[in-house]
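File shown: final-v6.txt. Contents: compact mmCIF, C-alpha atoms.
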```txt
# COMPACT_ATOMS: atom_id res chain seq x y z
CA MET A 1 117.14 -25.93 -177.27
CA ASP A 2 118.66 -29.26 -178.31
CA LYS A 3 118.22 -32.38 -176.21
CA ARG A 4 121.70 -32.21 -174.65
CA GLN A 5 121.13 -28.67 -173.43
CA ALA A 6 117.67 -29.61 -172.21
CA VAL A 7 119.19 -32.42 -170.16
CA LEU A 8 121.87 -30.15 -168.70
CA LYS A 9 119.26 -27.56 -167.73
CA GLY A 10 116.89 -30.11 -166.23
CA ALA A 11 119.68 -31.92 -164.41
CA LEU A 12 120.96 -28.68 -162.88
CA THR A 13 117.51 -28.03 -161.45
CA VAL A 14 117.24 -31.55 -160.00
CA PHE A 15 120.80 -31.80 -158.66
CA ALA A 16 120.53 -28.33 -157.09
CA ARG A 17 117.27 -29.31 -155.41
CA ASP A 18 117.86 -32.95 -154.48
CA GLY A 19 121.64 -33.31 -154.35
CA TYR A 20 123.72 -35.93 -156.12
CA ALA A 21 122.85 -39.03 -154.13
CA ARG A 22 119.07 -38.55 -154.14
CA ALA A 23 118.69 -37.37 -157.73
CA SER A 24 117.59 -40.06 -160.15
CA ILE A 25 117.93 -40.33 -163.91
CA ASP A 26 114.16 -40.85 -164.24
CA VAL A 27 113.39 -37.63 -162.35
CA ILE A 28 115.96 -35.73 -164.41
CA ALA A 29 114.50 -37.13 -167.63
CA ALA A 30 111.04 -35.96 -166.59
CA GLU A 31 112.36 -32.48 -165.73
CA ALA A 32 114.17 -32.24 -169.07
CA GLN A 33 111.24 -33.78 -170.95
CA VAL A 34 113.43 -36.41 -172.60
CA SER A 35 113.71 -40.17 -172.26
CA SER A 36 116.10 -41.82 -169.83
CA ARG A 37 117.75 -43.44 -172.84
CA THR A 38 118.57 -40.00 -174.23
CA ILE A 39 120.44 -39.16 -171.02
CA TYR A 40 122.42 -42.40 -171.11
CA ASN A 41 123.25 -41.87 -174.79
CA HIS A 42 124.70 -38.43 -174.12
CA PHE A 43 126.29 -38.88 -170.68
CA GLN A 44 126.65 -42.64 -170.06
CA ASP A 45 125.61 -42.54 -166.38
CA LYS A 46 124.66 -40.26 -163.50
CA ALA A 47 128.30 -39.55 -162.62
CA GLY A 48 129.05 -38.43 -166.17
CA LEU A 49 125.92 -36.30 -166.22
CA PHE A 50 126.76 -34.63 -162.93
CA ARG A 51 130.30 -33.85 -164.10
CA ALA A 52 128.95 -32.25 -167.28
CA VAL A 53 126.31 -30.28 -165.36
CA ILE A 54 128.61 -28.79 -162.76
CA GLN A 55 131.29 -27.99 -165.34
CA ASP A 56 128.81 -26.32 -167.69
CA SER A 57 127.27 -24.32 -164.85
CA ALA A 58 130.67 -23.35 -163.44
CA GLU A 59 131.82 -22.08 -166.84
CA ARG A 60 128.86 -19.72 -167.05
CA VAL A 61 129.29 -18.45 -163.50
CA ALA A 62 133.05 -18.02 -163.98
CA ALA A 63 132.43 -15.97 -167.13
CA ALA A 64 130.17 -13.63 -165.14
CA GLN A 65 132.71 -13.34 -162.33
CA LEU A 66 135.57 -12.68 -164.76
CA GLN A 67 133.56 -9.76 -166.12
CA ILE A 68 133.37 -8.38 -162.58
CA VAL A 69 137.14 -8.73 -162.13
CA ASP A 70 137.72 -6.86 -165.38
CA ARG A 71 135.13 -4.19 -164.70
CA TYR A 72 136.33 -3.24 -161.21
CA LEU A 73 140.06 -3.97 -161.30
CA ARG A 74 141.06 -3.00 -164.82
CA ARG A 75 141.91 0.51 -163.65
CA ILE A 76 142.67 1.42 -160.05
CA THR A 77 142.30 4.97 -158.76
CA ASP A 78 141.96 4.30 -155.00
CA LEU A 79 143.20 0.81 -154.11
CA GLU A 80 141.23 0.23 -150.92
CA ALA A 81 138.00 1.79 -152.18
CA ASP A 82 138.22 -0.02 -155.51
CA LEU A 83 138.91 -3.37 -153.82
CA VAL A 84 135.90 -2.83 -151.54
CA GLU A 85 133.60 -2.08 -154.48
CA PHE A 86 134.97 -5.09 -156.35
CA GLY A 87 134.51 -7.33 -153.32
CA ILE A 88 130.91 -6.20 -152.85
CA ALA A 89 130.10 -6.88 -156.49
CA TRP A 90 131.88 -10.25 -156.34
CA ARG A 91 130.11 -11.37 -153.17
CA THR A 92 126.64 -10.06 -153.98
CA PRO A 93 124.49 -13.06 -155.01
CA MET A 94 123.63 -13.21 -158.71
CA PRO A 95 119.96 -14.20 -159.12
CA ASP A 96 120.60 -15.66 -162.58
CA TYR A 97 122.91 -18.27 -161.01
CA ALA A 98 120.89 -19.18 -157.94
CA GLU A 99 120.69 -22.84 -159.01
CA HIS A 100 124.48 -23.00 -159.29
CA SER A 101 124.81 -21.64 -155.75
CA ALA A 102 122.36 -24.28 -154.55
CA LEU A 103 124.33 -26.94 -156.42
CA VAL A 104 127.57 -25.86 -154.73
CA ARG A 105 125.87 -26.11 -151.33
CA GLN A 106 124.80 -29.65 -152.23
CA VAL A 107 128.40 -30.48 -153.18
CA ASP A 108 129.63 -29.12 -149.84
CA ALA A 109 127.03 -31.19 -148.00
CA GLU A 110 127.78 -34.52 -149.71
CA ALA A 111 131.30 -34.19 -151.09
CA GLY A 112 132.17 -37.71 -149.92
CA HIS A 113 129.51 -39.19 -152.21
CA ILE A 114 130.31 -37.20 -155.34
CA PRO A 115 132.81 -38.53 -157.92
CA GLU A 116 136.18 -36.85 -157.46
CA GLU A 117 136.47 -36.18 -161.20
CA ALA A 118 133.34 -34.03 -161.03
CA ILE A 119 134.69 -31.94 -158.16
CA ASP A 120 138.04 -31.54 -159.95
CA ALA A 121 136.30 -30.44 -163.16
CA TRP A 122 134.21 -27.91 -161.25
CA GLN A 123 137.24 -26.49 -159.44
CA ARG A 124 139.32 -26.16 -162.62
CA THR A 125 136.52 -24.61 -164.64
CA GLY A 126 135.08 -22.34 -161.96
CA PRO A 127 136.86 -21.26 -158.77
CA LEU A 128 140.43 -21.88 -159.98
CA ALA A 129 139.86 -20.07 -163.27
CA VAL A 130 138.50 -17.03 -161.43
CA HIS A 131 141.26 -17.09 -158.82
CA ARG A 132 143.90 -17.25 -161.59
CA ALA A 133 142.40 -14.17 -163.19
CA LEU A 134 142.33 -12.39 -159.84
CA ALA A 135 145.92 -13.48 -159.18
CA ASP A 136 146.97 -12.08 -162.56
CA ARG A 137 145.34 -8.76 -161.72
CA PHE A 138 146.97 -8.68 -158.28
CA ASN A 139 150.29 -9.44 -159.93
CA ALA A 140 149.82 -6.42 -162.19
CA LEU A 141 149.03 -4.28 -159.14
CA ALA A 142 152.19 -5.57 -157.48
CA ASP A 143 154.17 -4.58 -160.57
CA GLU A 144 152.73 -1.09 -160.16
CA GLY A 145 153.93 -1.04 -156.55
CA LEU A 146 150.42 -1.15 -155.07
CA LEU A 147 150.60 -4.62 -153.49
CA ASP A 148 153.39 -6.66 -151.94
CA PHE A 149 153.25 -10.47 -151.68
CA GLU A 150 155.23 -13.57 -152.63
CA ASP A 151 152.57 -15.74 -154.27
CA PRO A 152 149.76 -14.13 -156.31
CA MET A 153 147.52 -17.22 -156.19
CA ARG A 154 147.84 -17.36 -152.42
CA ALA A 155 147.10 -13.63 -152.22
CA ALA A 156 143.97 -14.13 -154.35
CA LEU A 157 142.83 -16.99 -152.12
CA HIS A 158 143.45 -14.99 -148.95
CA PHE A 159 141.53 -12.06 -150.37
CA SER A 160 138.59 -14.30 -151.28
CA LEU A 161 138.49 -15.86 -147.81
CA LEU A 162 138.81 -12.54 -146.02
CA ILE A 163 135.92 -10.90 -147.86
CA SER A 164 133.68 -13.97 -147.52
CA GLY A 165 133.34 -13.99 -143.75
CA ALA A 166 131.50 -16.66 -141.80
CA GLY A 167 128.09 -15.68 -143.15
CA PRO A 168 124.80 -15.52 -141.24
CA ALA A 169 122.98 -18.54 -139.86
CA ASP A 170 120.72 -18.74 -142.88
CA PRO A 171 120.17 -22.04 -144.76
CA LYS A 172 120.23 -20.19 -148.09
CA ASN A 173 123.31 -18.12 -147.13
CA ARG A 174 121.47 -14.84 -147.78
CA ARG A 175 123.11 -11.61 -146.70
CA THR A 176 121.89 -8.06 -146.56
CA THR A 177 123.68 -5.35 -148.51
CA ASP A 178 124.95 -3.85 -145.25
CA GLN A 179 126.31 -7.21 -144.08
CA ILE A 180 128.14 -7.71 -147.36
CA ARG A 181 129.65 -4.22 -147.27
CA GLU A 182 130.73 -4.58 -143.64
CA THR A 183 132.35 -7.97 -144.24
CA VAL A 184 134.08 -6.90 -147.44
CA THR A 185 135.33 -3.62 -145.99
CA SER A 186 136.80 -5.40 -142.99
CA GLY A 187 138.33 -8.10 -145.20
CA VAL A 188 139.91 -5.61 -147.59
CA HIS A 189 141.38 -3.65 -144.68
CA THR A 190 142.92 -6.85 -143.26
CA PHE A 191 144.16 -7.91 -146.71
CA LEU A 192 145.89 -4.59 -147.30
CA HIS A 193 147.41 -4.69 -143.83
CA GLY A 194 149.15 -7.90 -144.91
CA CYS A 195 149.66 -7.27 -148.63
CA GLY A 196 149.59 -3.51 -149.03
CA ALA A 197 152.76 -2.16 -150.60
CA ARG A 198 155.23 -0.70 -148.10
CA PRO A 199 157.61 2.21 -148.81
CA ALA A 200 160.57 -0.17 -148.94
CA THR A 201 158.84 -2.20 -151.65
CA VAL A 202 158.17 0.84 -153.80
CA GLU A 203 161.77 1.98 -153.27
CA ARG A 204 163.15 -1.41 -154.33
CA ARG A 205 161.05 -1.30 -157.48
CA THR A 206 162.25 2.23 -158.23
CA ASN A 207 165.86 1.23 -157.69
CA LYS A 208 165.38 -1.81 -159.87
CA GLY A 209 164.08 0.45 -162.64
CA LEU A 210 167.20 2.62 -162.28
CA GLY A 211 169.44 -0.35 -162.84
CA HIS A 212 170.55 -1.19 -159.30
CA ASN A 213 171.45 -4.83 -158.85
CA PHE A 214 170.01 -5.63 -155.41
CA ALA A 215 166.38 -6.50 -156.17
CA SER A 216 165.14 -9.54 -154.31
CA ALA A 217 163.82 -12.70 -155.95
CA HIS A 218 160.36 -11.58 -154.82
CA ASP A 219 160.62 -8.41 -156.92
CA ILE A 220 161.85 -10.31 -159.95
CA GLY A 221 159.62 -13.31 -160.17
CA HIS A 222 156.44 -13.22 -158.03
```
Could I get this structure in the form of structure tokens?
Amino acid sequence: MDKRQAVLKGALTVFARDGYARASIDVIAAEAQVSSRTIYNHFQDKAGLFRAVIQDSAERVAAAQLQIVDRYLRRITDLEADLVEFGIAWRTPMPDYAEHSALVRQVDAEAGHIPEEAIDAWQRTGPLAVHRALADRFNALADEGLLDFEDPMRAALHFSLLISGAGPADPKNRRTTDQIRETVTSGVHTFLHGCGARPATVERRTNKGLGHNFASAHDIGH
């Protein structure tokens, strides 16, 4: 492992444990087993280091979540059942990324003290990238007549919120398998109640395919 990667790994551990405000360059240097000067040479200051850490971590988590999107939503056989299984896989904690989850909780707790550029970089690289992929998949399902909505990104966001739930009163946000399944199942049911394709939608798509000229802007553009 080169020194830059060692710093990123050590800094993730410290930021996830101590938060942004309390973490110090000296503690991070000790964790990474490098000199403080090495950190400044690579990242300039703590703000630059934090931005690089959260972006690097978010990229790896997003890659894992994109694999889940592809694995569960590439081919749909039963829309509700497949969305439930996808939601469970998506919301089940991934042990390999426990430090990232802890880092996100630190960001939530002290967002007012964290440089805005770091939060923007994290959102673009992580959550927004995953939501775009989910929106693209939902758009494909809408084209197949399985979903009905006006804005795929909004539909992806609503789906994510609905299957997340409030969560238990646990400082580490742990959930049992049964709790996850119950929350996801309820969320998917609510999502499909609002976005599930209706007979009129399927009929409009069929008529559009036959050449009729009364398709709505929703059917044409998403």
Report the closest atom pair, with its distance in Å rounded to one decimal, for each residue of region 132-172 of chain A that has an atom no farther than 12 Å from region 87-99 of chain A; count all atoms listed in the file, sort by chain and then rising residue number, and write it as CSV.
```
residue,atom,partner,partner_atom,distance
A:Leu134,CA,A:Trp90,CA,11.2
A:Ala156,CA,A:Gly87,CA,11.7
A:Phe159,CA,A:Gly87,CA,9.0
A:Ser160,CA,A:Gly87,CA,8.3
A:Leu161,CA,A:Gly87,CA,10.9
A:Leu162,CA,A:Gly87,CA,9.9
A:Ile163,CA,A:Gly87,CA,6.7
A:Ser164,CA,A:Arg91,CA,7.2
A:Gly165,CA,A:Arg91,CA,10.3
A:Gly167,CA,A:Arg91,CA,11.1
A:Lys172,CA,A:Ala98,CA,9.9
```
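Distances to Arg124 (chain A) were evaluated for A:Ser24, A:Thr13, A:Gln55, A:Thr38 using all atoms listed in the file, and the minimum falls at A:Gln55.
Computed from the coordinates, the CA of Arg132 (chain A) to CA of Ala62 (chain A) distance equals 11.1 Å.
Shortest atom-to-atom contact with Ala140 (chain A) among A:Leu73, A:Gly126, A:Glu80, A:Arg60: A:Leu73, counting all atoms listed in the file.
Going from CA of Met153 (chain A) over to CA of Thr176 (chain A), you cover 28.9 Å.
Separating CA of Ala109 (chain A) from CA of Gly19 (chain A) is a distance of 8.6 Å.
Residue neighbourhood of Val107 (chain A), excluding near-sequence residues (fewer than 6 positions): Phe15, Ala16, Arg17, Asp18, Gly19, Tyr20, Ala21, Phe50, Arg51, Ile54, His100, Ser101, His113, Ile114, Pro115, Glu116, Ala118, Ile119, Asp120, Trp122 and Gln123 of chain A, at 12 Å, using only C-alpha atoms.
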